[in-house]
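Scroll down for the structure; my scribbles are underneath it.
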Amino acid sequence: MYKIPIVNLKKQISPIRAEIDTAIKKIIDNADFVFGKEIDNFEGEVAKYCNVKYAVGVSNGTDAIRLALVSVGIQYGDGVICPAFTYYATAGAIASIGAIPVFVDIEPNTYNISIANIEKILKQKKDKKIKAIIPVHLYGQCADMDSIIRISKKYSLKIIEDAAQAFGAEYKGKKAGTIGDCGAVSFFPGKNLGAFGDAGIVLTNSKIIYEKLKILRNQGNRKKYNHLLLGYNNRLDTIQAAVLNVKLKYLPSWNKKRQENAEYFNEKLKDEEVKTPFVPNYTTHIYHQYVLRLNYPSKKLVEHLNSKGIDSRVYYPKPLHLQKCFQYRGYKKGDFQESEKASIQTLAIPVHPELIKKEMDYIISSIKDFLS
Ligand SMILES: Cc1ncc(COP(=O)(O)O)c(C=O)c1O
């Protein structure tokens with residue numbers, strides 16, 4: 001029996017291990033642990049890769065969202081729209097600054113935020129307290145950004161893209177995270193570009209936001225002991241920047257391999273009673289997750305695959321409006337039906353670039369076994 005993990009970091013790191021060891025050794029030899037050349041290099045390389053003016057390295061993807069919110073002026077009591085079907089951190093970052101997560105349902109095909117439902121909420125809530133929107137590019141494909149920009153202009157909303165899962169995906173030729181006022185990226189180890197611990201980055205084309213982000217991530221300092229803003233200790237770790245700088249070179253080929261693996265699954269599963277990912281033509285998909293859908297609960301298929309040694313999971317089994325920590329917002333079961341359905345009917349299967357054909361064929365035949 002195969003043992004197929006959802007990510008395979010050991011296999012990913014092995015061929016580039018010597019390069020990474022050298023990069024880490026350099027940091028230790030120079031005792032260059034906070035800021036320094038590696039941070040500048042990495043930020044420069046990310047800005048080039050994303051074709052964006054500024055990239056500010058930070059401690060993780062959650063802090064990237066939080067700093068982005070603060071840098072565009074979101075304050076205590078402001079409402080911020082985000083999907084009900086995303087990782088906790090999207091809404092957690094909003095709540096962490098005393099702002100209010102305003103949940104919206106998703107599109108059933110893409111699992112990204114529903115444009116019609118954003119408009120519905122904004123029409124209902126005429127109290128002008130909603131100040132920003134966080135579209136999440138879930139699983140690695142972009143939300144409908146043109147529509148989000150149109151709405152944000154109409155209602156004067158700031159846009160923070162949660163590109164935690166979509167680093168390298170493109171919306172109409174623009175990289176995810178470079179379209180709104182800011183984009184937040186996560187380099188959590190399991191992401192398509194993963195550090196050796198926590199790391200993240202904020203992307204922006206605004207010089208004003210960039211200057212603010214640099215101060216906010218570093219205790220509100222520009223110059224030491226001269227605190228201009230109420231900032232945080234949210235610097236990107238220099239060793240992580242060194243690791244990421246090595247790995248960034250390989251990201252385009254890794255993302256391409258994920259896309260090829262996804263196409264293979266799509267082709268082999270096209271005649272089965274299972275829905276493969278739908279990718280609208282305005283976006284590319286970098287398949288941070290390859291998510292299938294049934295028209296009944298996916299739990300049994302997940303269990304079946306797990307019993308065959310295949311690490312299949314549900315991202316995410318409980319939408320945010322039903323989480324205990326957001327009970328104070330007063331939502332109830334049935335409020336966001338597409339999010340609730342997606343949390344029951346979907347499952348992710350391994351799609352990482354280290355998969356070999358034999359393993360993919362084994363995953364496919366295990367799914368077919370279950371469905372037959
Ligand atoms: C959609 C989404 N937003 C935010 C985050 C937070 O990123 P991090 O874990 O780096 O804080 C993640 C990653 O886990 C994520 O998947």
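Chain labels A, B, ... are given in the sequence in which chains occur in the structure tokens; within each chain residues are numbered consecutively from 1, and ligands are likewise numbered from 1 in the order shown.
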| task | Produce as JSON, numbers by chain the set of residues near ligand 1, where near means within 8 Å with only C-alpha atoms and all ligand atoms considered. | result | {"A": [59, 60, 61, 62, 63, 64, 65, 86, 87, 88, 89, 90, 136, 137, 138, 139, 162, 163, 164, 165, 184, 185, 186, 187, 188, 191, 198, 199, 200]}
| task | Name all residues at most 12 Å from Leu292 in chain A (count only C-alpha atoms; drop same-chain ones fewer than 2 positions away) and give them as a count of residues only. | result | 42
| remark: One residue among A:Ala143, A:Ala84, A:Ala18, A:Leu244 is nearest to Tyr316 in chain A when using only C-alpha atoms, and that residue is A:Ala84
| query | How far is it from CA of Leu248 in chain A to CA of Val70 in chain A, in Å with one decimal? | reply | 27.7 Å
| said: Would you pick out the contacts of Lys120 in chain A at 12 Å or less, using only C-alpha atoms, so that residues sharing its chain but fewer than 4 positions from it are not included, and give the list as a PyMOL selection string? | reply: chain A and resi 81+103-105+114-116+124-126+151
Can you write out the residues you just picked, keeping N, CA, C and O atoms, as a short mmCIF file (atom, residue, chain, number, x, y, z; two decimals), in the first residue's frame?
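Below is the file out_33.cif, written as the result:
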```
data_model
loop_
_atom_site.label_atom_id
_atom_site.label_comp_id
_atom_site.auth_asym_id
_atom_site.auth_seq_id
_atom_site.Cartn_x
_atom_site.Cartn_y
_atom_site.Cartn_z
N ILE A 81 -15.81 42.87 5.16
CA ILE A 81 -16.44 41.71 4.52
C ILE A 81 -15.41 40.64 4.20
O ILE A 81 -14.32 40.94 3.71
N PHE A 103 -19.58 38.28 7.39
CA PHE A 103 -19.45 37.12 6.52
C PHE A 103 -20.39 37.18 5.33
O PHE A 103 -21.49 37.74 5.41
N VAL A 104 -19.91 36.60 4.23
CA VAL A 104 -20.68 36.54 2.98
C VAL A 104 -20.54 35.11 2.44
O VAL A 104 -19.48 34.48 2.61
N ASP A 105 -21.58 34.64 1.77
CA ASP A 105 -21.55 33.27 1.23
C ASP A 105 -20.64 33.20 -0.01
O ASP A 105 -20.20 34.23 -0.53
N SER A 114 -19.09 35.26 -3.10
CA SER A 114 -20.17 35.49 -4.05
C SER A 114 -20.40 36.99 -4.23
O SER A 114 -20.68 37.71 -3.27
N ILE A 115 -20.29 37.43 -5.47
CA ILE A 115 -20.43 38.86 -5.77
C ILE A 115 -21.86 39.32 -5.46
O ILE A 115 -22.07 40.37 -4.85
N ALA A 116 -22.84 38.52 -5.88
CA ALA A 116 -24.24 38.92 -5.65
C ALA A 116 -24.50 39.08 -4.15
O ALA A 116 -25.21 40.00 -3.73
N GLN A 124 -28.21 46.04 2.21
CA GLN A 124 -28.93 45.89 3.49
C GLN A 124 -28.35 46.81 4.55
O GLN A 124 -29.05 47.48 5.27
N LYS A 125 -27.01 46.82 4.64
CA LYS A 125 -26.34 47.53 5.73
C LYS A 125 -25.95 48.92 5.26
O LYS A 125 -24.82 49.15 4.84
N LYS A 126 -26.87 49.81 5.36
CA LYS A 126 -26.59 51.15 4.86
C LYS A 126 -25.95 52.03 5.94
O LYS A 126 -25.94 53.25 5.85
N ILE A 151 -17.53 47.05 -7.08
CA ILE A 151 -18.31 47.24 -5.86
C ILE A 151 -17.54 48.14 -4.87
O ILE A 151 -18.11 49.01 -4.23
#
```
| request: Enumerate the residues of range 214-269 of chain A with a DSSP assignment of strand (DSSP E or B), computed from the backbone, and present them as a PyMOL selection string. | output: chain A and resi 218+221-223+226-227+233+235
How would the residues just picked look written out with N, CA, C and O atoms as a JSON list (two decimals), in the first residue's frame?
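The resulting out-v3.json:
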```json
[["chain", "number", "residue", "atom", "x", "y", "z"],
["A", 218, "ASN", "N", 7.66, 46.83, 12.43],
["A", 218, "ASN", "CA", 8.87, 46.98, 13.24],
["A", 218, "ASN", "C", 8.64, 47.89, 14.44],
["A", 218, "ASN", "O", 9.32, 48.89, 14.60],
["A", 221, "ASN", "N", 8.53, 51.77, 14.55],
["A", 221, "ASN", "CA", 9.79, 52.51, 14.34],
["A", 221, "ASN", "C", 10.09, 52.77, 12.89],
["A", 221, "ASN", "O", 9.91, 51.87, 12.07],
["A", 222, "ARG", "N", 10.66, 53.90, 12.56],
["A", 222, "ARG", "CA", 11.44, 53.98, 11.32],
["A", 222, "ARG", "C", 12.90, 54.01, 11.75],
["A", 222, "ARG", "O", 13.72, 53.26, 11.31],
["A", 223, "LYS", "N", 13.16, 54.92, 12.71],
["A", 223, "LYS", "CA", 14.48, 54.96, 13.34],
["A", 223, "LYS", "C", 14.32, 54.41, 14.75],
["A", 223, "LYS", "O", 13.28, 54.60, 15.37],
["A", 226, "ASN", "N", 12.16, 55.62, 18.09],
["A", 226, "ASN", "CA", 11.36, 56.78, 17.65],
["A", 226, "ASN", "C", 10.07, 56.21, 17.07],
["A", 226, "ASN", "O", 9.96, 55.96, 15.87],
["A", 227, "HIS", "N", 9.08, 55.97, 17.95],
["A", 227, "HIS", "CA", 7.89, 55.20, 17.57],
["A", 227, "HIS", "C", 6.81, 56.11, 16.99],
["A", 227, "HIS", "O", 6.17, 56.87, 17.70],
["A", 233, "ASN", "N", 5.73, 43.65, 16.62],
["A", 233, "ASN", "CA", 6.92, 42.93, 16.22],
["A", 233, "ASN", "C", 6.50, 41.88, 15.21],
["A", 233, "ASN", "O", 6.17, 40.75, 15.56],
["A", 235, "ARG", "N", 8.28, 41.32, 12.11],
["A", 235, "ARG", "CA", 9.31, 41.24, 11.06],
["A", 235, "ARG", "C", 9.38, 39.83, 10.46],
["A", 235, "ARG", "O", 9.09, 38.85, 11.14]]
```
| message | Give me the residues near Ile239 in chain A as a VMD selection string, where near means some atom within 7 Å (using only C-alpha atoms) and where sequence neighbours in that chain fewer than 5 positions away do not count. | response | chain A and resid 24 27 33
| Close residues, Leu355 in chain A itself excluded, 10 Å, only C-alpha atoms, min 3 positions apart in chain, as a PyMOL selection string | chain A and resi 4-8+11+257-258+261+350-352+358-360
| request: Based on DSSP run over this structure's backbone, return all residues of range 58-270 of chain A in alpha helix (DSSP H), as an MDAnalysis selection string. | output: chainID A and resid 61:71 88:96 115:124 145:154 207:216 238:248 251:269
| task | Write out as a VMD selection string the residues lying within 7 Å of Cys82 in chain A, counting only C-alpha atoms and excluding same-chain residues fewer than 2 positions away. | result | chain A and resid 80 84 91 101 to 104 133 to 135
Restrict the selected residues to N, CA, C and O atoms and save them as a PDB file, in the first residue's frame.
```pdb
ATOM      1  N   VAL A  80     -15.612  44.593   8.091  1.00  0.00           N
ATOM      2  CA  VAL A  80     -14.798  44.099   6.969  1.00  0.00           C
ATOM      3  C   VAL A  80     -15.446  42.823   6.422  1.00  0.00           C
ATOM      4  O   VAL A  80     -15.622  41.844   7.162  1.00  0.00           O
ATOM      5  N   ALA A  84     -17.483  33.348   4.345  1.00  0.00           N
ATOM      6  CA  ALA A  84     -17.704  32.476   5.507  1.00  0.00           C
ATOM      7  C   ALA A  84     -16.938  31.170   5.360  1.00  0.00           C
ATOM      8  O   ALA A  84     -16.731  30.453   6.331  1.00  0.00           O
ATOM      9  N   ALA A  91     -10.668  35.866   9.007  1.00  0.00           N
ATOM     10  CA  ALA A  91     -11.560  36.596   9.920  1.00  0.00           C
ATOM     11  C   ALA A  91     -10.874  36.876  11.256  1.00  0.00           C
ATOM     12  O   ALA A  91     -11.133  37.907  11.884  1.00  0.00           O
ATOM     13  N   PRO A 101     -15.797  41.112  11.542  1.00  0.00           N
ATOM     14  CA  PRO A 101     -15.936  40.292  10.335  1.00  0.00           C
ATOM     15  C   PRO A 101     -17.401  40.234   9.895  1.00  0.00           C
ATOM     16  O   PRO A 101     -18.274  39.893  10.699  1.00  0.00           O
ATOM     17  N   VAL A 102     -17.659  40.603   8.656  1.00  0.00           N
ATOM     18  CA  VAL A 102     -19.009  40.528   8.094  1.00  0.00           C
ATOM     19  C   VAL A 102     -18.968  39.420   7.051  1.00  0.00           C
ATOM     20  O   VAL A 102     -18.364  39.573   5.992  1.00  0.00           O
ATOM     21  N   PHE A 103     -19.584  38.283   7.394  1.00  0.00           N
ATOM     22  CA  PHE A 103     -19.447  37.116   6.525  1.00  0.00           C
ATOM     23  C   PHE A 103     -20.393  37.179   5.326  1.00  0.00           C
ATOM     24  O   PHE A 103     -21.495  37.743   5.412  1.00  0.00           O
ATOM     25  N   VAL A 104     -19.911  36.601   4.226  1.00  0.00           N
ATOM     26  CA  VAL A 104     -20.676  36.540   2.981  1.00  0.00           C
ATOM     27  C   VAL A 104     -20.535  35.114   2.442  1.00  0.00           C
ATOM     28  O   VAL A 104     -19.484  34.483   2.612  1.00  0.00           O
ATOM     29  N   ILE A 133     -13.052  45.012   2.194  1.00  0.00           N
ATOM     30  CA  ILE A 133     -13.433  43.658   1.803  1.00  0.00           C
ATOM     31  C   ILE A 133     -12.163  42.821   1.621  1.00  0.00           C
ATOM     32  O   ILE A 133     -11.168  43.314   1.090  1.00  0.00           O
ATOM     33  N   ILE A 134     -12.233  41.593   2.117  1.00  0.00           N
ATOM     34  CA  ILE A 134     -11.104  40.668   1.909  1.00  0.00           C
ATOM     35  C   ILE A 134     -11.571  39.498   1.050  1.00  0.00           C
ATOM     36  O   ILE A 134     -12.143  38.533   1.554  1.00  0.00           O
ATOM     37  N   PRO A 135     -11.350  39.579  -0.261  1.00  0.00           N
ATOM     38  CA  PRO A 135     -11.600  38.383  -1.064  1.00  0.00           C
ATOM     39  C   PRO A 135     -10.480  37.383  -0.808  1.00  0.00           C
ATOM     40  O   PRO A 135      -9.321  37.781  -0.675  1.00  0.00           O
TER      41      PRO A 135
END
```
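Interatomic distance, CA of Gly73 in chain A against CA of Val52 in chain A: 20.9 Å.
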| said: Measuring between only C-alpha atoms, which one of A:Lys131, A:Lys333, A:Arg217, A:His321 shows the shortest distance to Gly92 in chain A? | reply: A:His321
| Who sits within 7 Å of Phe85 in chain A, only C-alpha atoms, same chain under 4 positions skipped, as number ranges by chain | A: 106, 319-320, 339
| query | Between A:Leu371, A:Ala95, A:Ile13, A:Leu230, which is the closest to Gly77 in chain A once you count only C-alpha atoms? | reply | A:Ala95
| request: Could you tell me how far CA of Ser372 in chain A lies from CA of Lys268 in chain A, in Å and to one decimal? | output: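 Those two atoms sit 14.4 Å apart.
Closest approach to Tyr250 in chain A from the set A:Val291, A:Leu229, A:Ile16, A:Leu305 is made by A:Ile16, with distances taken over only C-alpha atoms.
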